[in-house]
>>> print(open('query.tsv').read())   # TSV, C-alpha atoms
chain	number	residue	atom	x	y	z
A	38	GLU	CA	0.00	0.00	0.00
A	39	LEU	CA	2.85	2.39	0.80
A	40	ARG	CA	4.45	1.62	-2.54
A	41	ARG	CA	1.35	2.62	-4.54
A	42	CYS	CA	0.27	5.58	-2.40
A	43	PRO	CA	0.75	8.93	-4.16
A	44	GLN	CA	1.23	10.92	-0.95
A	45	ILE	CA	4.67	10.93	0.64
A	46	HIS	CA	3.30	12.42	3.86
A	47	LEU	CA	1.64	9.05	4.54
A	48	CYS	CA	5.11	7.89	5.60
A	49	CYS	CA	5.29	10.78	8.07
A	50	SER	CA	1.87	9.90	9.46
A	51	ALA	CA	2.83	6.25	9.81
A	52	ALA	CA	6.14	7.19	11.42
A	53	HIS	CA	4.32	9.39	13.94
A	54	ARG	CA	1.88	6.58	14.70
A	55	TRP	CA	4.65	4.06	15.26
A	56	THR	CA	6.84	6.61	17.11
A	57	VAL	CA	9.82	6.36	14.77
A	58	ASP	CA	11.85	9.12	13.13
A	59	ALA	CA	10.01	10.43	10.04
A	60	GLY	CA	13.21	11.15	8.09
A	61	SER	CA	14.51	7.64	8.67
A	62	PHE	CA	11.16	6.20	7.71
A	63	ARG	CA	11.13	8.18	4.44
A	64	ARG	CA	14.64	7.02	3.58
A	65	ASN	CA	13.74	3.41	4.29
A	66	TYR	CA	10.57	3.79	2.24
A	67	LYS	CA	12.63	5.00	-0.73
A	68	GLU	CA	15.57	2.61	-0.39
A	69	VAL	CA	13.76	-0.57	0.73
A	70	LEU	CA	9.96	-0.54	0.78
A	71	SER	CA	9.31	1.18	-2.56
A	72	GLY	CA	11.51	-1.06	-4.72
A	73	PHE	CA	13.15	1.98	-6.30
A	74	ASN	CA	16.69	0.54	-6.13
A	75	GLN	CA	15.59	-2.55	-8.09
A	76	TRP	CA	13.95	-0.46	-10.86
A	77	GLU	CA	15.64	-1.19	-14.18
A	78	GLN	CA	15.13	2.38	-15.49
A	79	LYS	CA	16.62	4.13	-12.46
A	80	ASP	CA	19.86	5.21	-14.19
A	81	HIS	CA	18.16	7.14	-17.01
A	82	ALA	CA	14.90	8.07	-15.26
A	83	SER	CA	15.82	11.75	-15.03
A	84	ASP	CA	16.01	11.89	-18.85
A	85	TRP	CA	13.46	9.34	-20.05
A	86	ILE	CA	11.33	6.36	-19.09
A	87	LEU	CA	9.76	3.85	-21.45
A	88	LEU	CA	6.90	1.45	-20.69
A	89	PRO	CA	6.28	-0.57	-23.89
A	90	LYS	CA	3.64	-2.79	-22.27
A	91	ASN	CA	1.27	0.21	-22.12
A	92	CYS	CA	1.48	1.05	-25.84
A	93	GLY	CA	-1.96	0.69	-27.40
A	94	THR	CA	-3.49	1.60	-30.75
A	95	ARG	CA	-4.91	4.98	-29.64
A	96	LEU	CA	-2.37	7.38	-28.16
A	97	SER	CA	-2.06	11.02	-27.10
A	98	ILE	CA	1.04	13.21	-26.97
A	99	ASP	CA	1.46	16.31	-24.82
A	100	GLU	CA	4.05	18.19	-22.80
A	101	THR	CA	4.26	19.18	-19.14
A	102	SER	CA	6.68	21.02	-16.88
A	103	LEU	CA	8.63	19.01	-14.30
A	104	HIS	CA	11.71	20.01	-12.33
A	105	ASP	CA	12.18	23.30	-14.22
A	106	ASP	CA	12.12	21.56	-17.59
A	107	LEU	CA	9.57	20.35	-20.14
A	108	PHE	CA	8.83	16.66	-20.60
A	109	THR	CA	7.08	15.11	-23.61
A	110	ILE	CA	4.50	12.57	-22.48
A	111	LEU	CA	3.13	9.78	-24.67
A	112	SER	CA	0.02	8.23	-23.13
A	113	ASN	CA	-2.49	5.48	-23.90
A	114	LYS	CA	-6.11	6.65	-24.17
A	115	ASP	CA	-7.40	3.27	-23.01
A	116	GLY	CA	-5.61	3.77	-19.68
A	117	HIS	CA	-8.15	6.51	-18.76
A	118	GLY	CA	-5.61	8.32	-16.58
A	119	LYS	CA	-5.03	5.30	-14.33
A	120	SER	CA	-2.56	2.43	-14.29
A	121	GLY	CA	-1.41	1.59	-17.80
A	122	THR	CA	-1.65	5.14	-19.11
A	123	ILE	CA	1.96	6.37	-19.45
A	124	VAL	CA	3.80	4.89	-22.42
A	125	ALA	CA	6.86	7.16	-22.36
A	126	MET	CA	8.18	10.36	-20.79
A	127	VAL	CA	11.16	12.08	-22.44
A	128	ARG	CA	12.94	15.17	-21.19
A	129	GLY	CA	12.71	18.10	-23.60
A	130	THR	CA	10.60	18.82	-26.66
A	131	LYS	CA	13.28	18.60	-29.38
A	132	ALA	CA	11.93	16.24	-32.03
A	133	SER	CA	15.20	14.38	-32.65
A	134	ASP	CA	15.75	13.64	-28.94
A	135	VAL	CA	12.21	12.37	-28.41
A	136	ILE	CA	12.27	10.30	-31.61
A	137	ALA	CA	15.53	8.62	-30.56
A	138	GLN	CA	13.89	7.31	-27.36
A	139	LEU	CA	10.48	6.41	-28.81
A	140	MET	CA	12.11	4.38	-31.59
A	141	LYS	CA	13.11	1.94	-28.82
A	142	LEU	CA	9.49	0.80	-28.73
A	143	PRO	CA	9.01	-2.54	-30.56
A	144	GLN	CA	8.35	-2.02	-34.26
A	145	GLU	CA	5.16	-4.08	-34.28
A	146	GLN	CA	3.72	-1.87	-31.55
A	147	ARG	CA	4.65	1.33	-33.38
A	148	LEU	CA	3.12	0.13	-36.64
A	149	ALA	CA	-0.06	-0.97	-34.86
A	150	VAL	CA	-0.88	2.57	-33.64
A	151	THR	CA	-3.92	3.84	-35.59
A	152	GLU	CA	-4.37	7.38	-34.22
A	153	VAL	CA	-2.52	9.99	-32.15
A	154	THR	CA	-4.17	13.15	-30.82
A	155	MET	CA	-2.15	16.28	-30.21
A	156	ASP	CA	-2.15	20.10	-30.36
A	157	PHE	CA	-0.76	22.38	-33.09
A	158	SER	CA	2.88	21.69	-32.17
A	159	ASP	CA	5.09	21.17	-35.24
A	160	SER	CA	7.72	19.25	-33.27
A	161	MET	CA	5.11	16.78	-31.98
A	162	MET	CA	3.82	16.29	-35.51
A	163	ARG	CA	7.34	15.41	-36.67
A	164	ILE	CA	7.68	12.98	-33.78
A	165	VAL	CA	4.42	11.17	-34.56
A	166	ARG	CA	5.11	10.92	-38.29
A	167	ALA	CA	8.56	9.46	-37.68
A	168	VAL	CA	7.68	7.01	-34.89
A	169	PHE	CA	4.13	5.99	-35.85
A	170	PRO	CA	4.00	6.06	-39.68
A	171	ASN	CA	0.60	4.30	-39.87
A	172	ALA	CA	-1.13	6.55	-37.33
A	173	MET	CA	-3.73	9.15	-38.22
A	174	ILE	CA	-2.84	12.50	-36.64
A	175	ILE	CA	-5.79	14.31	-35.04
A	176	ILE	CA	-5.47	17.89	-33.84
A	177	ASP	CA	-7.64	18.36	-30.79
A	178	CYS	CA	-10.73	20.53	-31.39
A	179	PHE	CA	-10.18	22.23	-28.01
A	180	HIS	CA	-6.84	23.62	-29.20
A	181	ILE	CA	-8.43	24.74	-32.48
A	182	ILE	CA	-11.06	26.80	-30.66
A	183	LYS	CA	-8.43	27.96	-28.19
A	184	ARG	CA	-6.27	29.29	-31.04
A	185	CYS	CA	-9.23	31.28	-32.41
A	186	GLY	CA	-10.08	32.44	-28.89
A	187	GLU	CA	-6.58	33.88	-28.63
A	188	ALA	CA	-7.43	36.08	-31.63
A	189	VAL	CA	-10.50	37.44	-29.83
A	190	GLU	CA	-8.35	37.96	-26.74
A	191	GLU	CA	-5.83	40.01	-28.76
A	192	ILE	CA	-8.63	42.29	-29.97
A	193	ARG	CA	-10.03	42.62	-26.43
A	194	LEU	CA	-6.63	43.58	-25.02
A	195	LYS	CA	-6.10	46.07	-27.85
A	196	GLU	CA	-9.43	47.74	-27.07
A	197	LYS	CA	-8.58	47.72	-23.37
A	198	ARG	CA	-5.30	49.52	-24.02
A	199	ASN	CA	-7.19	52.12	-26.04
A	200	ALA	CA	-9.74	52.49	-23.21
A	201	VAL	CA	-6.91	53.04	-20.70
A	202	LYS	CA	-5.43	55.74	-22.98
A	203	GLU	CA	-8.82	57.46	-23.27
A	204	GLN	CA	-9.33	57.39	-19.50
A	205	ASN	CA	-5.83	58.74	-18.86
A	206	LYS	CA	-6.50	61.50	-21.39
A	207	ALA	CA	-9.81	62.38	-19.71
A	208	LYS	CA	-8.08	62.39	-16.31
A	209	ALA	CA	-5.39	64.76	-17.63
A	210	GLU	CA	-8.04	67.08	-19.08
A	211	HIS	CA	-9.89	67.07	-15.75
A	212	LYS	CA	-6.68	67.99	-13.92
A	213	LYS	CA	-5.90	70.74	-16.44
A	214	LYS	CA	-9.42	72.14	-16.10
A	215	LEU	CA	-9.08	72.31	-12.30
A	216	GLU	CA	-5.70	74.04	-12.59
A	217	GLN	CA	-7.21	76.62	-14.95
A	218	LEU	CA	-10.13	77.11	-12.57
A	219	ILE	CA	-7.78	77.67	-9.63
A	220	LYS	CA	-5.74	80.18	-11.62
A	221	ALA	CA	-8.88	82.05	-12.76
A	222	ARG	CA	-10.31	82.13	-9.23
A	223	LYS	CA	-7.06	83.53	-7.80
A	224	ALA	CA	-7.00	86.23	-10.46
A	225	TYR	CA	-10.66	87.16	-9.78
A	226	ARG	CA	-10.11	87.41	-6.02
A	227	LYS	CA	-7.06	89.59	-6.59
A	228	LYS	CA	-9.01	91.89	-8.86
A	229	HIS	CA	-12.23	91.85	-6.83
A	230	PRO	CA	-11.41	91.60	-3.13
A	231	LYS	CA	-14.32	90.87	-0.81
A	232	THR	CA	-15.79	94.06	0.75
A	233	TYR	CA	-18.97	92.56	2.14
A	234	LYS	CA	-20.07	89.78	4.42
A	235	GLY	CA	-22.60	87.05	3.81
A	236	LYS	CA	-23.35	84.59	1.01
A	237	LYS	CA	-22.17	85.16	-2.50
A	238	ARG	CA	-24.76	85.38	-5.18
A	239	GLY	CA	-24.85	83.17	-8.24
A	240	ARG	CA	-23.88	79.54	-8.91
A	241	LYS	CA	-22.13	77.54	-6.23
A	242	PRO	CA	-18.41	77.38	-7.09
A	243	SER	CA	-16.89	74.04	-8.15
A	244	ARG	CA	-14.81	72.18	-5.59
A	245	LEU	CA	-11.18	72.46	-6.50
A	246	SER	CA	-10.42	69.12	-4.78
A	247	LYS	CA	-12.95	67.17	-6.83
A	248	LYS	CA	-11.45	63.85	-7.97
A	249	PHE	CA	-11.80	62.40	-11.43
A	250	VAL	CA	-14.57	59.81	-11.72
A	251	PRO	CA	-14.69	57.76	-14.95
A	252	GLU	CA	-17.97	57.37	-16.74
A	253	GLU	CA	-20.06	54.39	-15.64
A	254	LEU	CA	-22.14	52.22	-17.94
A	255	SER	CA	-25.66	50.98	-17.24
A	256	ASN	CA	-24.42	47.86	-15.40
A	257	GLY	CA	-22.11	49.86	-13.12
A	258	ASP	CA	-18.88	49.02	-14.98
A	259	THR	CA	-16.49	51.51	-16.50
A	260	LYS	CA	-15.22	50.76	-19.99
A	261	ILE	CA	-11.96	49.33	-18.62
A	262	GLU	CA	-13.85	47.16	-16.13
A	263	LEU	CA	-16.22	46.01	-18.87
A	264	LEU	CA	-13.34	44.88	-21.07
A	265	THR	CA	-11.55	43.23	-18.13
A	266	ARG	CA	-14.60	41.34	-16.88
A	267	SER	CA	-15.60	40.15	-20.35
A	268	ARG	CA	-12.66	37.80	-20.71
A	269	GLY	CA	-14.55	34.81	-19.33
A	270	LEU	CA	-17.71	35.21	-21.40
A	271	LEU	CA	-15.73	35.56	-24.65
A	272	SER	CA	-14.24	32.10	-24.10
A	273	LYS	CA	-17.67	30.44	-23.84
A	274	SER	CA	-20.58	29.90	-26.18
A	275	ARG	CA	-23.71	32.02	-25.78
A	276	ASP	CA	-25.80	29.22	-24.27
A	277	LYS	CA	-23.44	29.07	-21.26
A	278	TRP	CA	-23.71	32.78	-20.36
A	279	SER	CA	-25.33	33.82	-17.11
A	280	ASP	CA	-27.83	36.70	-17.01
A	281	ALA	CA	-25.13	39.13	-15.85
A	282	GLN	CA	-22.82	37.96	-18.64
A	283	LYS	CA	-25.58	38.43	-21.23
A	284	GLN	CA	-26.05	42.03	-20.06
A	285	ARG	CA	-22.31	42.64	-20.09
A	286	ALA	CA	-21.96	41.06	-23.56
A	287	LYS	CA	-24.68	43.32	-24.98
A	288	LEU	CA	-22.89	46.42	-23.69
A	289	LEU	CA	-19.54	45.12	-24.92
A	290	PHE	CA	-20.77	44.32	-28.42
A	291	ASP	CA	-22.57	47.68	-28.73
A	292	LEU	CA	-19.43	49.60	-27.79
A	293	TYR	CA	-16.89	47.39	-29.61
A	294	PRO	CA	-18.23	45.94	-32.88
A	295	LYS	CA	-14.83	44.41	-33.73
A	296	ILE	CA	-15.02	42.17	-30.68
A	297	LYS	CA	-18.57	41.20	-31.65
A	298	GLU	CA	-17.53	40.28	-35.18
A	299	ALA	CA	-14.55	38.23	-33.99
A	300	TYR	CA	-16.61	36.42	-31.35
A	301	ASN	CA	-19.34	35.56	-33.87
A	302	LEU	CA	-16.77	34.07	-36.24
A	303	VAL	CA	-15.25	31.93	-33.50
A	304	ASP	CA	-18.72	30.87	-32.33
A	305	ASN	CA	-19.57	29.81	-35.88
A	306	LEU	CA	-16.47	27.61	-35.98
A	307	ARG	CA	-17.34	26.19	-32.56
A	308	SER	CA	-20.79	25.19	-33.82
A	309	ILE	CA	-19.18	23.20	-36.67
A	310	PHE	CA	-17.16	21.10	-34.23
A	311	ARG	CA	-20.15	20.64	-31.93
A	312	ASN	CA	-22.31	19.32	-34.78
A	313	LYS	CA	-22.23	15.52	-34.40
A	314	GLY	CA	-24.32	14.91	-37.51
A	315	ILE	CA	-21.70	15.78	-40.12
A	316	ASP	CA	-18.87	13.70	-41.59
A	317	ARG	CA	-15.41	14.75	-42.75
A	318	ASN	CA	-16.46	15.91	-46.23
A	319	GLN	CA	-19.37	17.97	-44.92
A	320	ALA	CA	-17.11	19.48	-42.28
A	321	ARG	CA	-14.60	20.44	-44.99
A	322	GLU	CA	-17.31	22.34	-46.89
A	323	LYS	CA	-18.48	24.15	-43.77
A	324	ILE	CA	-14.94	25.08	-42.75
A	325	HIS	CA	-14.25	26.41	-46.26
A	326	GLN	CA	-17.40	28.54	-45.96
A	327	TRP	CA	-16.03	29.78	-42.65
A	328	TYR	CA	-12.75	30.66	-44.39
A	329	GLN	CA	-14.72	32.89	-46.76
A	330	LYS	CA	-16.48	34.65	-43.89
A	331	VAL	CA	-13.11	35.37	-42.31
A	332	ALA	CA	-11.76	36.64	-45.62
A	333	ASP	CA	-14.62	39.15	-45.80
A	334	CYS	CA	-13.81	40.63	-42.39
A	335	PRO	CA	-10.99	43.14	-41.75
A	336	LEU	CA	-9.68	41.49	-38.55
A	337	ARG	CA	-6.09	40.39	-39.07
A	338	GLU	CA	-6.03	38.50	-35.74
A	339	VAL	CA	-8.81	36.14	-36.84
A	340	LYS	CA	-7.22	35.77	-40.27
A	341	ALA	CA	-3.97	34.64	-38.60
A	342	ALA	CA	-5.90	31.98	-36.68
A	343	ARG	CA	-7.61	30.90	-39.92
A	344	ASP	CA	-4.21	30.51	-41.61
A	345	THR	CA	-3.02	28.28	-38.76
A	346	ILE	CA	-6.03	26.00	-39.20
A	347	ARG	CA	-5.74	26.00	-43.00
A	348	GLU	CA	-2.06	25.00	-42.79
A	349	LYS	CA	-2.99	21.79	-40.90
A	350	GLU	CA	-6.46	21.32	-42.36
A	351	ASP	CA	-6.19	17.55	-42.97
A	352	GLU	CA	-5.22	16.86	-39.34
A	353	VAL	CA	-7.99	19.18	-38.15
A	354	LEU	CA	-10.61	17.42	-40.29
A	355	ASN	CA	-9.50	14.01	-38.99
A	356	TYR	CA	-11.43	14.88	-35.83
A	357	PHE	CA	-14.70	14.25	-37.71
A	358	ILE	CA	-13.74	10.62	-38.40
A	359	SER	CA	-13.46	9.28	-34.84
A	360	ARG	CA	-14.30	12.41	-32.75
A	361	SER	CA	-11.18	11.74	-30.68
A	362	THR	CA	-9.78	14.54	-28.53
A	363	ASN	CA	-6.67	15.14	-26.45
A	364	ALA	CA	-8.72	15.30	-23.23
A	365	ALA	CA	-7.08	12.14	-21.85
A	366	ALA	CA	-3.61	13.69	-22.16
A	367	GLU	CA	-4.76	16.97	-20.61
A	368	SER	CA	-6.35	15.03	-17.73
A	369	LEU	CA	-3.13	13.08	-17.15
A	370	ASN	CA	-1.17	16.34	-17.26
A	371	SER	CA	-3.45	17.80	-14.55
A	372	LYS	CA	-3.07	14.70	-12.38
A	373	ILE	CA	0.72	14.84	-12.63
A	374	LYS	CA	0.70	18.52	-11.66
A	375	ALA	CA	-1.63	17.80	-8.73
A	376	PHE	CA	0.67	14.99	-7.61
A	377	ARG	CA	3.67	17.34	-7.87
A	378	SER	CA	1.88	20.01	-5.80
A	379	GLN	CA	1.09	17.45	-3.07
A	380	LEU	CA	4.83	16.82	-2.80
A	381	HIS	CA	5.54	20.59	-2.77
A	382	GLY	CA	7.70	20.25	-5.87
A	383	VAL	CA	10.13	17.69	-7.29
A	384	SER	CA	13.33	17.40	-5.29
A	385	ASP	CA	14.35	13.90	-6.43
A	386	LEU	CA	13.46	13.58	-10.13
A	387	PRO	CA	14.35	9.87	-10.66
A	388	PHE	CA	12.30	8.83	-7.62
A	389	PHE	CA	9.44	11.04	-8.76
A	390	MET	CA	9.51	9.43	-12.22
A	391	TYR	CA	9.53	6.00	-10.56
A	392	ARG	CA	6.43	6.85	-8.56
A	393	LEU	CA	4.71	8.14	-11.71
A	394	SER	CA	5.52	4.84	-13.43
A	395	ILE	CA	4.02	2.95	-10.48
A	396	ILE	CA	0.83	5.02	-10.29
A	397	PHE	CA	0.16	5.76	-13.97
A	398	GLY	CA	2.39	3.15	-15.61
>>> encode(input="query.tsv", output="structure tokens")
Amino acid sequence: ELRRCPQIHLCCSAAHRWTVDAGSFRRNYKEVLSGFNQWEQKDHASDWILLPKNCGTRLSIDETSLHDDLFTILSNKDGHGKSGTIVAMVRGTKASDVIAQLMKLPQEQRLAVTEVTMDFSDSMMRIVRAVFPNAMIIIDCFHIIKRCGEAVEEIRLKEKRNAVKEQNKAKAEHKKKLEQLIKARKAYRKKHPKTYKGKKRGRKPSRLSKKFVPEELSNGDTKIELLTRSRGLLSKSRDKWSDAQKQRAKLLFDLYPKIKEAYNLVDNLRSIFRNKGIDRNQAREKIHQWYQKVADCPLREVKAARDTIREKEDEVLNYFISRSTNAAAESLNSKIKAFRSQLHGVSDLPFFMYRLSIIFG
């Protein structure tokens, strides 16, 4: 049980219960109880580990950060984030280094792989084509929408910077107006000294200490706050908006038509991937129609995202064959990061890799 437990502080709890030194117990757990010293991959674990028995026909490839460096992770979808999931972990993302280690997998296993899901990474695409020549590469639809969402985010940030400039300009004008008012009031008092007592006639004078207050919209936000708080709603489809988000979106789209146009284009692409009743050829036609819509708009950010999709169109359209995603790899990545956070970081990388191979391998 200790060997398979993902929490090292269990040793400390057990040591406290049995009234033994926790440090000695941890060392004995690592050197004796865990079986780490008998592990055949101990010598190269800090650079790579390989578990050929877990190689299936449907794989995912992703990267994660461990010990101040990136690791490329090859995982089996059929493992479902449990034992039998990790196929290989290689330090770095350089295609040649990763290929050199993955080529150590048996040839019959590599040729039997039918599909590999991944993101837009060019290095990962080179790795998959070299190691798994018979596999169909599928670019995850989440990363496709994410890439287009980044275009909307660029436009939002651009408008926010402009809103900050406008507010700073209005604040400077307010300050200048007060300074002019102070100067005029001093000149008037010097020219017309008070010779009577009582209230002055006419309009009540403006307070010279009045602070600048930016203009508020109907929902209580300023323009900067509106643009800041709209980040979340722009990353979701309309049917997932709350009532407050719907109100905020209406104000945002009325004030910033460019954001509205970009969001509508991304939402149209999202609806194509969410349509489960179309095949690959129908999806190609719809995506080409979407290309034309983007071509008719003046937004260079969305056009850049379109070019990224068009460059890898075949791998993008492969999603409509099996509807496979990279969710399994992202889930495994999250579990590894959660495991790392439980240990408060990675101090002993080979032992950490051994424990990953025990839990997820």
>>> closest_residue(input="query.tsv", among="A:Ala209, A:Ile123, A:Leu302, A:Leu270", to="Ser97 of chain A", atoms="all atoms listed in the file")
A:Ile123
>>> closest_residue(input="query.tsv", among="A:Asn305, A:Tyr293, A:Ser120, A:Ala125", to="Ala82 of chain A", atoms="all atoms listed in the file")
A:Ala125
>>> closest_residue(input="query.tsv", among="A:Leu254, A:Gly186, A:Lys223, A:Asp344", to="Ala332 of chain A", atoms="all atoms listed in the file")
A:Asp344
>>> atom_distance(input="query.tsv", atom1="atom CA of Ser160 of chain A", atom2="atom CA of Tyr328 of chain A")
25.9 Å
>>> closest_residue(input="query.tsv", among="A:Val353, A:Arg226, A:Glu145, A:Arg268", to="Glu187 of chain A", atoms="only C-alpha atoms")
A:Arg268
>>> closest_residue(input="query.tsv", among="A:Thr109, A:Leu142, A:Thr154, A:Met162", to="Lys349 of chain A", atoms="all atoms listed in the file")
A:Met162
>>> closest_residue(input="query.tsv", among="A:Ser394, A:Asn205, A:Gln284, A:Asn74", to="Leu263 of chain A", atoms="all atoms listed in the file")
A:Gln284
>>> decode(input="query.tsv", residues="segment 252-264 of chain A", atoms="N, CA, C and O atoms", output="PDB file, in the first residue's frame")
ATOM      1  N   GLU A 252     -16.575  57.564 -16.396  1.00  0.00           N
ATOM      2  CA  GLU A 252     -17.973  57.368 -16.737  1.00  0.00           C
ATOM      3  C   GLU A 252     -18.387  55.913 -16.509  1.00  0.00           C
ATOM      4  O   GLU A 252     -17.670  54.984 -16.885  1.00  0.00           O
ATOM      5  N   GLU A 253     -19.546  55.729 -15.892  1.00  0.00           N
ATOM      6  CA  GLU A 253     -20.063  54.386 -15.635  1.00  0.00           C
ATOM      7  C   GLU A 253     -21.114  54.018 -16.670  1.00  0.00           C
ATOM      8  O   GLU A 253     -21.884  54.856 -17.129  1.00  0.00           O
ATOM      9  N   LEU A 254     -21.141  52.730 -17.016  1.00  0.00           N
ATOM     10  CA  LEU A 254     -22.145  52.217 -17.940  1.00  0.00           C
ATOM     11  C   LEU A 254     -23.390  51.791 -17.171  1.00  0.00           C
ATOM     12  O   LEU A 254     -23.438  51.880 -15.937  1.00  0.00           O
ATOM     13  N   SER A 255     -24.378  51.291 -17.882  1.00  0.00           N
ATOM     14  CA  SER A 255     -25.659  50.975 -17.241  1.00  0.00           C
ATOM     15  C   SER A 255     -25.565  49.842 -16.225  1.00  0.00           C
ATOM     16  O   SER A 255     -26.371  49.751 -15.302  1.00  0.00           O
ATOM     17  N   ASN A 256     -24.567  48.957 -16.355  1.00  0.00           N
ATOM     18  CA  ASN A 256     -24.421  47.856 -15.397  1.00  0.00           C
ATOM     19  C   ASN A 256     -23.464  48.190 -14.259  1.00  0.00           C
ATOM     20  O   ASN A 256     -23.123  47.332 -13.445  1.00  0.00           O
ATOM     21  N   GLY A 257     -23.001  49.434 -14.192  1.00  0.00           N
ATOM     22  CA  GLY A 257     -22.111  49.863 -13.117  1.00  0.00           C
ATOM     23  C   GLY A 257     -20.635  49.734 -13.436  1.00  0.00           C
ATOM     24  O   GLY A 257     -19.798  50.145 -12.634  1.00  0.00           O
ATOM     25  N   ASP A 258     -20.278  49.161 -14.595  1.00  0.00           N
ATOM     26  CA  ASP A 258     -18.876  49.019 -14.981  1.00  0.00           C
ATOM     27  C   ASP A 258     -18.395  50.270 -15.716  1.00  0.00           C
ATOM     28  O   ASP A 258     -19.175  50.940 -16.398  1.00  0.00           O
ATOM     29  N   THR A 259     -17.122  50.557 -15.582  1.00  0.00           N
ATOM     30  CA  THR A 259     -16.494  51.507 -16.500  1.00  0.00           C
ATOM     31  C   THR A 259     -16.075  50.737 -17.755  1.00  0.00           C
ATOM     32  O   THR A 259     -16.176  49.504 -17.807  1.00  0.00           O
ATOM     33  N   LYS A 260     -15.607  51.441 -18.759  1.00  0.00           N
ATOM     34  CA  LYS A 260     -15.215  50.756 -19.989  1.00  0.00           C
ATOM     35  C   LYS A 260     -14.055  49.792 -19.748  1.00  0.00           C
ATOM     36  O   LYS A 260     -14.038  48.689 -20.300  1.00  0.00           O
ATOM     37  N   ILE A 261     -13.104  50.211 -18.918  1.00  0.00           N
ATOM     38  CA  ILE A 261     -11.963  49.331 -18.618  1.00  0.00           C
ATOM     39  C   ILE A 261     -12.441  48.100 -17.858  1.00  0.00           C
ATOM     40  O   ILE A 261     -12.026  46.968 -18.146  1.00  0.00           O
ATOM     41  N   GLU A 262     -13.316  48.294 -16.886  1.00  0.00           N
ATOM     42  CA  GLU A 262     -13.850  47.159 -16.132  1.00  0.00           C
ATOM     43  C   GLU A 262     -14.674  46.236 -17.022  1.00  0.00           C
ATOM     44  O   GLU A 262     -14.621  45.008 -16.882  1.00  0.00           O
ATOM     45  N   LEU A 263     -15.427  46.815 -17.942  1.00  0.00           N
ATOM     46  CA  LEU A 263     -16.223  46.009 -18.868  1.00  0.00           C
ATOM     47  C   LEU A 263     -15.331  45.111 -19.712  1.00  0.00           C
ATOM     48  O   LEU A 263     -15.601  43.909 -19.863  1.00  0.00           O
ATOM     49  N   LEU A 264     -14.254  45.667 -20.242  1.00  0.00           N
ATOM     50  CA  LEU A 264     -13.340  44.884 -21.067  1.00  0.00           C
ATOM     51  C   LEU A 264     -12.585  43.841 -20.244  1.00  0.00           C
ATOM     52  O   LEU A 264     -12.295  42.745 -20.730  1.00  0.00           O
TER      53      LEU A 264
END
